[in-house]
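Comments concern the structure below.
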Amino acid sequence: MSNTCPNFTRKCGGCPLLATPYPEQLAQKQTRLQTLLGKFAPVEPVQGMEKPWHYRNKAIASFAMRQGKLVCGLYAEGTHTVLPGSDCLLQQEALNRTLEAVLQAARSCRWTAYDEDRGTGSLRHVVLRGTRKGEVLVTLVTPGPALPGSRNFCAALRKEAPWVAGIVHNINPTATSAVLGNREKVLYGPGQVLDTLCGLRFAISSRSFYQVNPLQTEVLYRTAMKLADLSGKETVVDAYCGIGTIGLCAASSSGQVLGIERNPAAVRDAIANARRNGVRNARFTCADATEWMEQAARQALHPDVVFLDPPRAGSTPACIGAVARMAPQRVVYVSCDPETLARDVALFSQKGYRAQRFVPVDLFPHTRHVETIVLLQRETL
Ligand SMILES: C[S@@+](CC[C@H](N)C(=O)[O-])C[C@H]1O[C@@H](n2cnc3c(N)ncnc32)[C@H](O)[C@@H]1O
């Protein structure tokens, strides 16, 4: 497929590698990983996608006014200038169609874009979460709680886009770059959508972390399970667990799973996801991963396997130190940033954990990002 994205020349910045053939993108990622991680253990070939298009299940678009008309689209890179359009090559096609339908429904309600300087208008952003079945959760973000005509909006949107399974109104009065605020009101449906990963069903709400590429996430999680090599008896910690996906995938092959996550909405989703899937041996706690690990180490918890899947910034020296004091046989570290992974693997090796192999999975074609899993094995002294 050729680069036919109009925003590529207008520079939304979402896919900087679009002009590079996909095999060449994978080769570049491989070289970078080899340079950063090859000194610790073998780096396996990056597992790419057969069809690296329309994989993203999440879209964030912003509203603006152009010649008196409401428009919606991505920001031009590093700016707050909206590039109108809904034809992204990375987003699921259902999300592109939904963006167009949201815009039409908002125009039919005569809504206008929020103007930060004048404090006028109502619409800031729209966030879409899609499932593999093609259902979509729509979250409209406004600066205040008033959204007159929201019933008409829901009716118009549902008519245009019957696959929309939920509509949420999020209120974000802050002047920061955060898209979503803390207050929400469900306008239509259950306020979340259900997706299937590795045979389990997961509810996703607007504010929870959920991997953006479901096909490749299955490759990632299956690899993580293989590296964890669970026998059915182990105590497993899933740190930075989000909505519980990794821990719940591990639960049927573990004795017990303890999931740790800082975002309360994600923890609520994780608990509901365990119930939804009939998982009885998983518990989820809302806590900072470092604080939880330090306390667990003080209480002499001895997990057999620890999964770590931190955000881009990686884990912390204190968290890694506490994990090492608990002395699990295996640590399976899932990372979306090779630089912080290299830093943390070096820390683990000082604490007696040897990297066995790195398995990279390309969750983000046409971007510079790549996901990598490493198995760290405790060395016997
Ligand atoms: C890369 S996501 C991984 C989520 C999950 N494992 C998955 O595959 O969907 C990282 C998660 O860590 C959470 N997080 C970030 N900092 C944290 C911290 N200090 N303690 C606990 N959780 C944290 C985020 O809210 C997010 O859900």
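Please note that chains go A, B, ... in the order of the structure tokens, that every chain numbers its residues from 1, and that ligands are numbered from 1 in the order shown.
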
Legend entry - Given 10 Å and only C-alpha atoms and all ligand atoms, residues near ligand 1 as a ChimeraX atom specification: /A:207-212,217,220-221,238-247,259-267,285-293,307-316,319,334-337,371

So that I can see what lies close to Val46 in chain A, please list as a PDB file with N, CA and C atoms, in the first residue's frame the residues with an atom at most 8 Å from it, counting only C-alpha atoms and leaving out residues fewer than 4 positions away in the same chain.
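The new file part_7.pdb reads:
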```pdb
ATOM      1  N   LEU A  26      10.920  -2.393  10.010  1.00  0.00           N
ATOM      2  CA  LEU A  26      11.229  -3.473  10.964  1.00  0.00           C
ATOM      3  C   LEU A  26      12.745  -3.623  11.112  1.00  0.00           C
ATOM      4  N   LYS A  29      14.058  -0.936  13.384  1.00  0.00           N
ATOM      5  CA  LYS A  29      13.748  -1.204  14.802  1.00  0.00           C
ATOM      6  C   LYS A  29      14.676  -2.294  15.342  1.00  0.00           C
ATOM      7  N   GLN A  30      14.921  -3.310  14.492  1.00  0.00           N
ATOM      8  CA  GLN A  30      15.806  -4.406  14.904  1.00  0.00           C
ATOM      9  C   GLN A  30      17.203  -3.875  15.245  1.00  0.00           C
ATOM     10  N   VAL A 359      12.201 -10.556  23.105  1.00  0.00           N
ATOM     11  CA  VAL A 359      11.274 -10.835  22.006  1.00  0.00           C
ATOM     12  C   VAL A 359      10.532  -9.541  21.664  1.00  0.00           C
ATOM     13  N   PRO A 360      10.900  -8.884  20.552  1.00  0.00           N
ATOM     14  CA  PRO A 360      10.220  -7.644  20.176  1.00  0.00           C
ATOM     15  C   PRO A 360       8.972  -7.933  19.333  1.00  0.00           C
ATOM     16  N   VAL A 361       7.927  -7.162  19.595  1.00  0.00           N
ATOM     17  CA  VAL A 361       6.681  -7.291  18.827  1.00  0.00           C
ATOM     18  C   VAL A 361       6.310  -5.886  18.354  1.00  0.00           C
ATOM     19  N   ASP A 362       6.045  -5.757  17.049  1.00  0.00           N
ATOM     20  CA  ASP A 362       5.738  -4.421  16.527  1.00  0.00           C
ATOM     21  C   ASP A 362       4.252  -4.115  16.731  1.00  0.00           C
TER      22      ASP A 362
END
```

Legend entry - Near-Val236 in chain A list (8 Å; only C-alpha atoms; drop same-chain fewer than 5 positions) as number ranges by chain: A: 247, 254-258, 303-307

Inset, instruction - List the neighbours of range 38-41 of chain A out to 8 Å using only C-alpha atoms; skip same-chain residues closer than 4 positions along the sequence, and give me the result as an MDAnalysis selection string. - result: chainID A and resid 33:34 345 354:358

Inset, instruction - Check the smallest atom-to-atom distance from each of A:Ser253, A:Asn213, A:Ser206, A:Thr174 to Gln91 in chain A using only C-alpha atoms, then report the winner. - result: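 The closest residue to Gln91 in chain A is A:Asn213.
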
Legend entry - Top pick for closest residue to Val126 in chain A, considering A:Ser349, A:Ala61, A:Ser86, A:His369 and counting only C-alpha atoms: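 When distances to Val126 in chain A are compared using only C-alpha atoms, the smallest one comes from A:Ala61.
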
Legend entry - Residue among A:Asn182, A:Ser108, A:Gln377, A:Asn273 lying closest to Lys351 in chain A, counting only C-alpha atoms: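 Checking each candidate against Lys351 in chain A, we get A:Gln377 as the closest.
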